[in-house]
>>> print(open('upload.pdb').read())   # PDB, C-alpha atoms, pLDDT in the B column
ATOM      1  CA  MET A   1     224.837 204.045  85.828  1.00 55.00           C
ATOM      2  CA  THR A   2     223.815 201.131  88.026  1.00 62.00           C
ATOM      3  CA  LEU A   3     220.147 202.154  87.976  1.00 64.00           C
ATOM      4  CA  TYR A   4     220.395 202.598  84.211  1.00 65.00           C
ATOM      5  CA  HIS A   5     221.720 199.060  83.852  1.00 63.00           C
ATOM      6  CA  PHE A   6     218.972 197.753  86.123  1.00 68.00           C
ATOM      7  CA  GLY A   7     216.392 199.636  84.048  1.00 74.00           C
ATOM      8  CA  ASN A   8     217.742 198.077  80.854  1.00 72.00           C
ATOM      9  CA  CYS A   9     217.410 194.600  82.370  1.00 75.00           C
ATOM     10  CA  VAL A  10     213.845 195.255  83.493  1.00 76.00           C
ATOM     11  CA  ALA A  11     212.991 196.708  80.065  1.00 80.00           C
ATOM     12  CA  LEU A  12     213.922 193.362  78.509  1.00 78.00           C
ATOM     13  CA  LEU A  13     211.051 191.808  80.473  1.00 85.00           C
ATOM     14  CA  THR A  14     208.412 193.976  78.778  1.00 89.00           C
ATOM     15  CA  PRO A  15     207.202 190.993  76.664  1.00 90.00           C
ATOM     16  CA  TYR A  16     205.484 189.821  79.849  1.00 93.00           C
ATOM     17  CA  TYR A  17     203.506 193.061  79.973  1.00 90.00           C
ATOM     18  CA  PHE A  18     202.763 193.024  76.253  1.00 91.00           C
ATOM     19  CA  THR A  19     201.586 189.423  76.500  1.00 91.00           C
ATOM     20  CA  TYR A  20     199.123 190.388  79.221  1.00 90.00           C
ATOM     21  CA  LYS A  21     198.052 193.614  77.541  1.00 87.00           C
ATOM     22  CA  TYR A  22     197.601 192.535  73.931  1.00 84.00           C
ATOM     23  CA  SER A  23     196.493 188.924  74.365  1.00 83.00           C
ATOM     24  CA  GLY A  24     193.137 190.072  75.712  1.00 79.00           C
ATOM     25  CA  LEU A  25     193.783 189.068  79.319  1.00 84.00           C
ATOM     26  CA  SER A  26     193.495 192.663  80.527  1.00 77.00           C
ATOM     27  CA  GLU A  27     190.015 192.883  79.002  1.00 77.00           C
ATOM     28  CA  TYR A  28     188.921 189.731  80.843  1.00 74.00           C
ATOM     29  CA  GLY A  29     190.307 190.969  84.167  1.00 73.00           C
ATOM     30  CA  ALA A  30     192.621 187.984  84.431  1.00 83.00           C
ATOM     31  CA  PHE A  31     195.165 189.630  86.742  1.00 88.00           C
ATOM     32  CA  TRP A  32     194.134 187.701  89.839  1.00 90.00           C
ATOM     33  CA  LYS A  33     193.938 184.521  87.797  1.00 91.00           C
ATOM     34  CA  CYS A  34     197.600 185.043  86.909  1.00 92.00           C
ATOM     35  CA  VAL A  35     198.327 185.598  90.599  1.00 93.00           C
ATOM     36  CA  GLN A  36     196.530 182.339  91.370  1.00 93.00           C
ATOM     37  CA  ALA A  37     198.635 180.562  88.763  1.00 93.00           C
ATOM     38  CA  GLY A  38     201.747 182.037  90.365  1.00 94.00           C
ATOM     39  CA  GLY A  39     200.634 180.737  93.763  1.00 95.00           C
ATOM     40  CA  ILE A  40     200.277 177.228  92.358  1.00 95.00           C
ATOM     41  CA  TYR A  41     203.783 177.599  90.893  1.00 95.00           C
ATOM     42  CA  ILE A  42     205.152 178.408  94.362  1.00 95.00           C
ATOM     43  CA  PHE A  43     203.380 175.396  95.873  1.00 95.00           C
ATOM     44  CA  THR A  44     204.703 173.127  93.107  1.00 95.00           C
ATOM     45  CA  GLN A  45     208.289 174.302  93.561  1.00 94.00           C
ATOM     46  CA  LEU A  46     208.101 173.764  97.310  1.00 94.00           C
ATOM     47  CA  CYS A  47     206.944 170.198  96.732  1.00 92.00           C
ATOM     48  CA  LYS A  48     209.762 169.638  94.235  1.00 90.00           C
ATOM     49  CA  MET A  49     212.371 170.957  96.649  1.00 89.00           C
ATOM     50  CA  LEU A  50     211.113 168.628  99.366  1.00 89.00           C
ATOM     51  CA  VAL A  51     211.285 165.644  97.021  1.00 86.00           C
ATOM     52  CA  LEU A  52     214.760 166.567  95.756  1.00 82.00           C
ATOM     53  CA  ALA A  53     216.080 167.134  99.262  1.00 82.00           C
ATOM     54  CA  THR A  54     214.580 163.898 100.571  1.00 81.00           C
ATOM     55  CA  PHE A  55     215.049 161.309  97.837  1.00 75.00           C
ATOM     56  CA  PHE A  56     217.771 162.551  95.482  1.00 67.00           C
ATOM     57  CA  TYR A  57     221.436 162.958  96.192  1.00 56.00           C
ATOM     58  CA  SER A  58     222.940 166.168  94.839  1.00 51.00           C
ATOM     59  CA  ASP A  59     226.447 165.715  93.501  1.00 48.00           C
ATOM     60  CA  THR A  60     227.873 169.040  94.609  1.00 41.00           C
ATOM     61  CA  SER A  61     231.371 168.188  93.491  1.00 43.00           C
ATOM     62  CA  SER A  62     230.405 167.771  89.837  1.00 44.00           C
ATOM     63  CA  SER A  63     228.075 170.767  89.853  1.00 45.00           C
ATOM     64  CA  SER A  64     230.703 173.027  91.407  1.00 44.00           C
ATOM     65  CA  SER A  65     233.343 171.936  88.900  1.00 49.00           C
ATOM     66  CA  GLY A  66     231.001 172.632  85.987  1.00 56.00           C
ATOM     67  CA  GLU A  67     230.784 168.996  84.864  1.00 65.00           C
ATOM     68  CA  PHE A  68     227.579 167.617  83.358  1.00 64.00           C
ATOM     69  CA  ASN A  69     226.198 164.679  85.355  1.00 70.00           C
ATOM     70  CA  PHE A  70     223.889 162.780  83.012  1.00 71.00           C
ATOM     71  CA  PHE A  71     222.194 160.602  85.641  1.00 72.00           C
ATOM     72  CA  ALA A  72     221.783 163.462  88.102  1.00 73.00           C
ATOM     73  CA  GLU A  73     220.080 165.508  85.376  1.00 76.00           C
ATOM     74  CA  ILE A  74     217.741 162.616  84.567  1.00 81.00           C
ATOM     75  CA  PHE A  75     216.708 162.357  88.220  1.00 79.00           C
ATOM     76  CA  ARG A  76     216.282 166.101  88.471  1.00 78.00           C
ATOM     77  CA  CYS A  77     214.202 166.292  85.302  1.00 80.00           C
ATOM     78  CA  SER A  78     212.023 163.387  86.441  1.00 85.00           C
ATOM     79  CA  VAL A  79     210.973 165.568  89.365  1.00 88.00           C
ATOM     80  CA  ASP A  80     209.990 168.258  86.846  1.00 88.00           C
ATOM     81  CA  ILE A  81     206.986 166.081  86.006  1.00 90.00           C
ATOM     82  CA  ALA A  82     205.464 167.845  89.008  1.00 92.00           C
ATOM     83  CA  ASP A  83     205.417 170.981  86.859  1.00 93.00           C
ATOM     84  CA  LEU A  84     203.039 169.233  84.468  1.00 93.00           C
ATOM     85  CA  LEU A  85     200.773 168.381  87.397  1.00 94.00           C
ATOM     86  CA  GLY A  86     200.952 172.013  88.491  1.00 94.00           C
ATOM     87  CA  PHE A  87     199.904 173.210  85.037  1.00 95.00           C
ATOM     88  CA  ALA A  88     197.070 170.678  85.013  1.00 94.00           C
ATOM     89  CA  LEU A  89     195.898 172.013  88.389  1.00 94.00           C
ATOM     90  CA  ILE A  90     195.991 175.588  87.102  1.00 93.00           C
ATOM     91  CA  LEU A  91     193.998 174.714  83.981  1.00 92.00           C
ATOM     92  CA  SER A  92     191.403 172.873  86.060  1.00 90.00           C
ATOM     93  CA  ARG A  93     190.951 175.760  88.515  1.00 87.00           C
ATOM     94  CA  ILE A  94     190.987 178.734  86.140  1.00 84.00           C
ATOM     95  CA  PRO A  95     187.628 179.312  84.430  1.00 78.00           C
ATOM     96  CA  GLY A  96     187.400 180.221  80.780  1.00 72.00           C
ATOM     97  CA  LYS A  97     188.190 178.616  77.488  1.00 71.00           C
ATOM     98  CA  GLY A  98     190.341 179.088  74.461  1.00 73.00           C
ATOM     99  CA  HIS A  99     193.657 180.840  74.366  1.00 83.00           C
ATOM    100  CA  SER A 100     192.925 183.058  77.385  1.00 87.00           C
ATOM    101  CA  LYS A 101     193.123 180.152  79.829  1.00 90.00           C
ATOM    102  CA  LEU A 102     196.371 178.862  78.322  1.00 93.00           C
ATOM    103  CA  ILE A 103     198.061 182.271  78.282  1.00 93.00           C
ATOM    104  CA  THR A 104     196.904 182.948  81.836  1.00 93.00           C
ATOM    105  CA  ALA A 105     198.444 179.694  83.047  1.00 94.00           C
ATOM    106  CA  GLY A 106     201.713 180.184  81.175  1.00 95.00           C
ATOM    107  CA  LEU A 107     202.056 183.893  81.972  1.00 95.00           C
ATOM    108  CA  GLY A 108     201.271 183.479  85.666  1.00 95.00           C
ATOM    109  CA  TRP A 109     203.704 180.577  85.959  1.00 96.00           C
ATOM    110  CA  ALA A 110     206.488 182.394  84.085  1.00 95.00           C
ATOM    111  CA  THR A 111     206.010 185.648  86.001  1.00 94.00           C
ATOM    112  CA  ALA A 112     206.213 183.887  89.356  1.00 95.00           C
ATOM    113  CA  GLU A 113     209.371 182.129  88.206  1.00 94.00           C
ATOM    114  CA  VAL A 114     210.991 185.405  87.121  1.00 92.00           C
ATOM    115  CA  VAL A 115     210.112 187.180  90.369  1.00 91.00           C
ATOM    116  CA  LEU A 116     211.267 184.365  92.643  1.00 91.00           C
ATOM    117  CA  SER A 117     214.299 183.067  90.769  1.00 88.00           C
ATOM    118  CA  ARG A 118     215.615 186.232  89.113  1.00 84.00           C
ATOM    119  CA  GLY A 119     214.050 189.165  90.949  1.00 80.00           C
ATOM    120  CA  ILE A 120     216.483 189.339  93.864  1.00 79.00           C
ATOM    121  CA  MET A 121     219.428 188.604  91.568  1.00 78.00           C
ATOM    122  CA  LEU A 122     218.517 191.530  89.313  1.00 77.00           C
ATOM    123  CA  TRP A 123     217.783 193.888  92.189  1.00 73.00           C
ATOM    124  CA  VAL A 124     221.055 193.144  93.952  1.00 74.00           C
ATOM    125  CA  GLY A 125     223.350 192.255  91.043  1.00 67.00           C
ATOM    126  CA  ALA A 126     222.192 194.577  88.259  1.00 63.00           C
ATOM    127  CA  ARG A 127     222.404 197.529  90.650  1.00 63.00           C
ATOM    128  CA  GLY A 128     225.989 196.648  91.562  1.00 62.00           C
ATOM    129  CA  THR A 129     229.001 198.769  90.894  1.00 56.00           C
ATOM    130  CA  GLU A 130     230.265 196.624  88.007  1.00 65.00           C
ATOM    131  CA  PHE A 131     228.512 196.073  84.689  1.00 67.00           C
ATOM    132  CA  SER A 132     227.911 192.462  83.677  1.00 75.00           C
ATOM    133  CA  TRP A 133     226.254 190.883  80.663  1.00 80.00           C
ATOM    134  CA  VAL A 134     225.036 188.019  82.850  1.00 83.00           C
ATOM    135  CA  TYR A 135     221.902 189.914  83.871  1.00 83.00           C
ATOM    136  CA  ILE A 136     221.068 190.809  80.268  1.00 86.00           C
ATOM    137  CA  LEU A 137     221.370 187.128  79.343  1.00 90.00           C
ATOM    138  CA  LYS A 138     219.170 186.097  82.269  1.00 88.00           C
ATOM    139  CA  CYS A 139     216.448 188.520  81.178  1.00 89.00           C
ATOM    140  CA  LEU A 140     216.614 187.306  77.589  1.00 91.00           C
ATOM    141  CA  GLU A 141     216.389 183.722  78.819  1.00 93.00           C
ATOM    142  CA  SER A 142     213.312 184.690  80.866  1.00 92.00           C
ATOM    143  CA  ASN A 143     211.536 185.660  77.640  1.00 94.00           C
ATOM    144  CA  VAL A 144     212.419 182.252  76.206  1.00 95.00           C
ATOM    145  CA  LEU A 145     210.928 180.649  79.320  1.00 94.00           C
ATOM    146  CA  LEU A 146     207.726 182.652  78.802  1.00 95.00           C
ATOM    147  CA  VAL A 147     207.254 181.032  75.389  1.00 95.00           C
ATOM    148  CA  GLN A 148     208.184 177.653  76.831  1.00 96.00           C
ATOM    149  CA  HIS A 149     205.678 177.834  79.701  1.00 96.00           C
ATOM    150  CA  ILE A 150     202.791 178.948  77.487  1.00 96.00           C
ATOM    151  CA  THR A 151     203.691 176.078  75.163  1.00 96.00           C
ATOM    152  CA  THR A 152     203.728 173.631  78.078  1.00 96.00           C
ATOM    153  CA  ALA A 153     200.301 174.817  79.259  1.00 95.00           C
ATOM    154  CA  THR A 154     198.957 174.326  75.732  1.00 95.00           C
ATOM    155  CA  LEU A 155     200.435 170.831  75.497  1.00 96.00           C
ATOM    156  CA  ILE A 156     198.850 169.853  78.827  1.00 95.00           C
ATOM    157  CA  TRP A 157     195.502 171.172  77.613  1.00 93.00           C
ATOM    158  CA  LEU A 158     195.820 169.258  74.353  1.00 94.00           C
ATOM    159  CA  PHE A 159     196.808 166.074  76.190  1.00 93.00           C
ATOM    160  CA  THR A 160     193.648 166.198  78.311  1.00 91.00           C
ATOM    161  CA  ARG A 161     191.325 166.761  75.344  1.00 89.00           C
ATOM    162  CA  HIS A 162     189.236 163.752  74.371  1.00 88.00           C
ATOM    163  CA  ASP A 163     188.320 165.284  71.001  1.00 86.00           C
ATOM    164  CA  LEU A 164     191.935 165.520  69.863  1.00 88.00           C
ATOM    165  CA  ASN A 165     192.801 163.356  66.884  1.00 87.00           C
ATOM    166  CA  LYS A 166     194.185 160.073  68.204  1.00 87.00           C
ATOM    167  CA  ALA A 167     196.976 160.237  65.643  1.00 87.00           C
ATOM    168  CA  LEU A 168     198.208 163.451  67.293  1.00 91.00           C
ATOM    169  CA  LYS A 169     198.231 162.078  70.853  1.00 91.00           C
ATOM    170  CA  PRO A 170     201.678 160.449  70.489  1.00 93.00           C
ATOM    171  CA  LEU A 171     203.083 163.687  69.084  1.00 95.00           C
ATOM    172  CA  VAL A 172     201.718 165.692  72.023  1.00 95.00           C
ATOM    173  CA  SER A 173     203.158 163.127  74.450  1.00 94.00           C
ATOM    174  CA  LEU A 174     206.515 163.297  72.669  1.00 95.00           C
ATOM    175  CA  LEU A 175     206.579 167.099  72.850  1.00 95.00           C
ATOM    176  CA  LEU A 176     205.784 166.931  76.571  1.00 94.00           C
ATOM    177  CA  ALA A 177     208.616 164.442  77.126  1.00 92.00           C
ATOM    178  CA  VAL A 178     211.003 166.618  75.117  1.00 93.00           C
ATOM    179  CA  THR A 179     209.998 169.626  77.208  1.00 92.00           C
ATOM    180  CA  VAL A 180     210.302 167.897  80.587  1.00 91.00           C
ATOM    181  CA  PHE A 181     213.659 166.265  79.852  1.00 89.00           C
ATOM    182  CA  LYS A 182     215.097 169.264  78.044  1.00 88.00           C
ATOM    183  CA  GLY A 183     217.563 169.678  80.873  1.00 80.00           C
ATOM    184  CA  VAL A 184     219.101 166.334  79.875  1.00 85.00           C
ATOM    185  CA  TRP A 185     219.386 166.422  76.102  1.00 84.00           C
ATOM    186  CA  LEU A 186     219.634 170.187  75.534  1.00 87.00           C
ATOM    187  CA  GLU A 187     221.965 171.019  78.408  1.00 84.00           C
ATOM    188  CA  GLY A 188     224.010 167.936  77.584  1.00 84.00           C
ATOM    189  CA  MET A 189     224.339 169.013  73.959  1.00 87.00           C
ATOM    190  CA  ILE A 190     225.324 172.539  75.009  1.00 86.00           C
ATOM    191  CA  HIS A 191     227.907 171.128  77.407  1.00 82.00           C
ATOM    192  CA  ILE A 192     229.397 168.799  74.775  1.00 85.00           C
ATOM    193  CA  LEU A 193     229.586 171.538  72.141  1.00 85.00           C
ATOM    194  CA  ALA A 194     230.973 173.983  74.724  1.00 84.00           C
ATOM    195  CA  ILE A 195     229.208 176.934  73.118  1.00 87.00           C
ATOM    196  CA  GLY A 196     229.218 180.424  74.586  1.00 89.00           C
ATOM    197  CA  PRO A 197     226.462 182.011  76.702  1.00 90.00           C
ATOM    198  CA  TRP A 198     224.987 184.120  73.889  1.00 91.00           C
ATOM    199  CA  LEU A 199     224.764 181.165  71.521  1.00 94.00           C
ATOM    200  CA  THR A 200     223.301 179.092  74.368  1.00 93.00           C
ATOM    201  CA  VAL A 201     220.402 181.525  74.734  1.00 93.00           C
ATOM    202  CA  ALA A 202     219.954 181.516  70.943  1.00 94.00           C
ATOM    203  CA  VAL A 203     219.824 177.716  70.852  1.00 94.00           C
ATOM    204  CA  LYS A 204     217.289 177.627  73.694  1.00 94.00           C
ATOM    205  CA  ALA A 205     215.196 180.229  71.889  1.00 95.00           C
ATOM    206  CA  LEU A 206     215.315 178.178  68.678  1.00 96.00           C
ATOM    207  CA  VAL A 207     214.250 174.998  70.486  1.00 95.00           C
ATOM    208  CA  ALA A 208     211.415 176.821  72.264  1.00 95.00           C
ATOM    209  CA  ALA A 209     210.285 178.326  68.941  1.00 96.00           C
ATOM    210  CA  ILE A 210     210.244 174.931  67.187  1.00 96.00           C
ATOM    211  CA  ILE A 211     208.272 173.246  69.979  1.00 96.00           C
ATOM    212  CA  GLY A 212     205.961 176.253  70.185  1.00 95.00           C
ATOM    213  CA  PHE A 213     205.332 176.240  66.440  1.00 96.00           C
ATOM    214  CA  CYS A 214     204.449 172.526  66.465  1.00 95.00           C
ATOM    215  CA  THR A 215     202.152 173.048  69.450  1.00 95.00           C
ATOM    216  CA  LEU A 216     200.482 176.060  67.822  1.00 94.00           C
ATOM    217  CA  HIS A 217     199.845 174.048  64.671  1.00 94.00           C
ATOM    218  CA  ILE A 218     198.127 171.268  66.653  1.00 94.00           C
ATOM    219  CA  TYR A 219     196.146 173.759  68.745  1.00 94.00           C
ATOM    220  CA  SER A 220     194.948 175.777  65.759  1.00 92.00           C
ATOM    221  CA  GLY A 221     193.686 172.622  64.070  1.00 89.00           C
ATOM    222  CA  LEU A 222     191.726 171.558  67.150  1.00 89.00           C
ATOM    223  CA  ALA A 223     190.456 175.114  67.727  1.00 86.00           C
ATOM    224  CA  GLN A 224     188.979 175.224  64.215  1.00 86.00           C
ATOM    225  CA  GLN A 225     187.469 171.806  64.746  1.00 84.00           C
ATOM    226  CA  ILE A 226     185.650 172.638  67.989  1.00 79.00           C
ATOM    227  CA  GLY A 227     185.060 176.311  67.161  1.00 73.00           C
ATOM    228  CA  ILE A 228     186.987 178.224  69.829  1.00 68.00           C
TER     229      ILE A 228
END
>>> encode(input="upload.pdb", output="structure tokens")
Amino acid sequence: MTLYHFGNCVALLTPYYFTYKYSGLSEYGAFWKCVQAGGIYIFTQLCKMLVLATFFYSDTSSSSSGEFNFFAEIFRCSVDIADLLGFALILSRIPGKGHSKLITAGLGWATAEVVLSRGIMLWVGARGTEFSWVYILKCLESNVLLVQHITTATLIWLFTRHDLNKALKPLVSLLLAVTVFKGVWLEGMIHILAIGPWLTVAVKALVAAIIGFCTLHIYSGLAQQIGI
């Protein structure tokens, strides 16, 4: 039963495989490029942990009691700007053009995050003696993060393009700010509304879908313009 539950959790992560298989990355032999993107993710997270441990005070009392600390979240999200620099480094080091580069960056980043932040939890927890919906929710949230990371990679690519319509630059910057500081406004809204875990995942999926749709619309317009 425990292995069956673990298998169900892993099966929920199949969108990662389908993204790699049916986006054309497998035809380009982009596996090691995804591994390279994952390595840059690890380096970025190590740098973030050093900065957080050195310069920012963690209010353990409020976090342990489940309270939402607005200022602590702002400081924590400000460090997440390093993620944007990590995506920019990936896009500058991975050869190619068009959607393949963006999906490679987002997929490699998201896969490394799942393996490092949720892999041990699933292996130890989902194979436990007691069934828990927590691991199903974590896997579903991982699929939301996959969409979010591909969207972030696309926004970084759009932000660095000199041929992007100047009228769209503020919108791209706004979407990047919304993405980086999502831990402040989205988590704060969820905390104030006190919604359940299933609805929380649904809200995060809706937000990721809206930002992704806006980003896709901007990208498709530029792709038609420059012919990629």
>>> resolve_selection(input="upload.pdb", expression="the PyMOL selection byres ((chain A and resi 177-183) around 7)", output="ChimeraX atom specification")
/A:73,77,80-81,173-176,184-187
>>> residues_around(input="upload.pdb", residues="range 216-220 of chain A", least_positions_apart="4", cutoff="9 Å", atoms="only C-alpha atoms", output="list in words")
Thr151, Thr154, Leu155, Leu158, Leu168, Val172, Ile211, Gly212, Gln224 and Gln225 of chain A
>>> residues_around(input="upload.pdb", residues="Ala205 in chain A", least_positions_apart="2", cutoff="9 Å", atoms="all atoms listed in the file", output="VMD selection string")
chain A and resid 141 143 to 145 147 to 148 200 to 203 207 to 210
>>> axis_aligned_box(input="upload.pdb", around="range 107-116 of chain A", padding_each_side="6 Å", output="AutoDock Vina command-line options")
--center_x 206.3 --center_y 183.9 --center_z 87.3 --size_x 22.0 --size_y 18.6 --size_z 22.7
>>> closest_residue(input="upload.pdb", among="A:Arg93, A:Arg161, A:Lys101, A:Arg76", to="Ile226 in chain A", atoms="all atoms listed in the file")
A:Arg161
>>> residues_near_point(input="upload.pdb", point="(200.2, 182.2, 80.8)", cutoff="8 Å", atoms="all atoms listed in the file", output="PDB file with C-alpha atoms, in the frame of the given file")
ATOM      1  CA  CYS A  34     197.600 185.043  86.909  1.00 92.00           C
ATOM      2  CA  LYS A 101     193.123 180.152  79.829  1.00 90.00           C
ATOM      3  CA  LEU A 102     196.371 178.862  78.322  1.00 93.00           C
ATOM      4  CA  ILE A 103     198.061 182.271  78.282  1.00 93.00           C
ATOM      5  CA  THR A 104     196.904 182.948  81.836  1.00 93.00           C
ATOM      6  CA  ALA A 105     198.444 179.694  83.047  1.00 94.00           C
ATOM      7  CA  GLY A 106     201.713 180.184  81.175  1.00 95.00           C
ATOM      8  CA  LEU A 107     202.056 183.893  81.972  1.00 95.00           C
ATOM      9  CA  GLY A 108     201.271 183.479  85.666  1.00 95.00           C
ATOM     10  CA  TRP A 109     203.704 180.577  85.959  1.00 96.00           C
ATOM     11  CA  ALA A 110     206.488 182.394  84.085  1.00 95.00           C
ATOM     12  CA  LEU A 146     207.726 182.652  78.802  1.00 95.00           C
ATOM     13  CA  HIS A 149     205.678 177.834  79.701  1.00 96.00           C
ATOM     14  CA  ILE A 150     202.791 178.948  77.487  1.00 96.00           C
ATOM     15  CA  ALA A 153     200.301 174.817  79.259  1.00 95.00           C
TER      16      ALA A 153
END
>>> atom_distance(input="upload.pdb", atom1="CA of Thr14 in chain A", atom2="CA of Val114 in chain A")
12.2 Å
>>> closest_residue(input="upload.pdb", among="A:Gly196, A:Thr215, A:Phe75, A:Ala53", to="Lys169 in chain A", atoms="only C-alpha atoms")
A:Thr215
>>> closest_residue(input="upload.pdb", among="A:Gly119, A:Gly38, A:Gly98, A:Gly29", to="Val10 in chain A", atoms="all atoms listed in the file")
A:Gly119
>>> closest_residue(input="upload.pdb", among="A:Ala112, A:Ala223, A:Ile42, A:Ile156", to="Leu85 in chain A", atoms="all atoms listed in the file")
A:Ile156
>>> closest_residue(input="upload.pdb", among="A:Gly221, A:Gly96, A:Pro15, A:Gly7", to="Asp163 in chain A", atoms="only C-alpha atoms")
A:Gly221
>>> closest_residue(input="upload.pdb", among="A:Gly227, A:Pro197, A:Gly39, A:Gly24", to="Leu116 in chain A", atoms="all atoms listed in the file")
A:Gly39
>>> atom_distance(input="upload.pdb", atom1="CA of Thr54 in chain A", atom2="CA of Gly86 in chain A")
19.9 Å
>>> atom_distance(input="upload.pdb", atom1="CA of Leu164 in chain A", atom2="CA of Asp83 in chain A")
22.4 Å
>>> residues_around(input="upload.pdb", residues="Val51 in chain A", least_positions_apart="5", cutoff="10 Å", atoms="all atoms listed in the file", output="number ranges by chain")
A: 45-46, 56, 76, 79
>>> decode(input="upload.pdb", residues="range 102-108 of chain A", atoms="all heavy atoms", output="short mmCIF file (atom, residue, chain, number, x, y, z; two decimals), in the first residue's frame")
data_model
loop_
_atom_site.label_atom_id
_atom_site.label_comp_id
_atom_site.auth_asym_id
_atom_site.auth_seq_id
_atom_site.Cartn_x
_atom_site.Cartn_y
_atom_site.Cartn_z
N LEU A 102 13.82 28.25 -23.74
CA LEU A 102 13.00 28.66 -22.60
C LEU A 102 12.48 27.45 -21.83
O LEU A 102 12.48 27.43 -20.59
CB LEU A 102 11.84 29.52 -23.08
CG LEU A 102 12.22 30.73 -23.94
CD1 LEU A 102 10.99 31.49 -24.39
CD2 LEU A 102 13.16 31.65 -23.16
N ILE A 103 12.03 26.42 -22.56
CA ILE A 103 11.52 25.22 -21.89
C ILE A 103 12.66 24.47 -21.20
O ILE A 103 12.48 23.93 -20.11
CB ILE A 103 10.79 24.32 -22.90
CG1 ILE A 103 9.56 25.05 -23.45
CG2 ILE A 103 10.37 23.02 -22.24
CD1 ILE A 103 8.79 24.26 -24.47
N THR A 104 13.84 24.46 -21.82
CA THR A 104 14.99 23.81 -21.20
C THR A 104 15.33 24.48 -19.88
O THR A 104 15.57 23.80 -18.87
CB THR A 104 16.20 23.86 -22.15
OG1 THR A 104 15.89 23.17 -23.36
CG2 THR A 104 17.41 23.22 -21.49
N ALA A 105 15.35 25.80 -19.87
CA ALA A 105 15.68 26.53 -18.64
C ALA A 105 14.62 26.29 -17.57
O ALA A 105 14.96 25.97 -16.42
CB ALA A 105 15.79 28.03 -18.95
N GLY A 106 13.35 26.41 -17.92
CA GLY A 106 12.29 26.22 -16.94
C GLY A 106 12.19 24.79 -16.46
O GLY A 106 12.01 24.55 -15.25
N LEU A 107 12.31 23.82 -17.37
CA LEU A 107 12.19 22.41 -17.00
C LEU A 107 13.36 21.97 -16.14
O LEU A 107 13.18 21.25 -15.14
CB LEU A 107 12.09 21.55 -18.26
CG LEU A 107 11.93 20.05 -18.05
CD1 LEU A 107 10.66 19.74 -17.28
CD2 LEU A 107 11.93 19.32 -19.40
N GLY A 108 14.57 22.36 -16.52
CA GLY A 108 15.74 22.00 -15.71
C GLY A 108 15.68 22.59 -14.32
O GLY A 108 15.99 21.92 -13.32
#
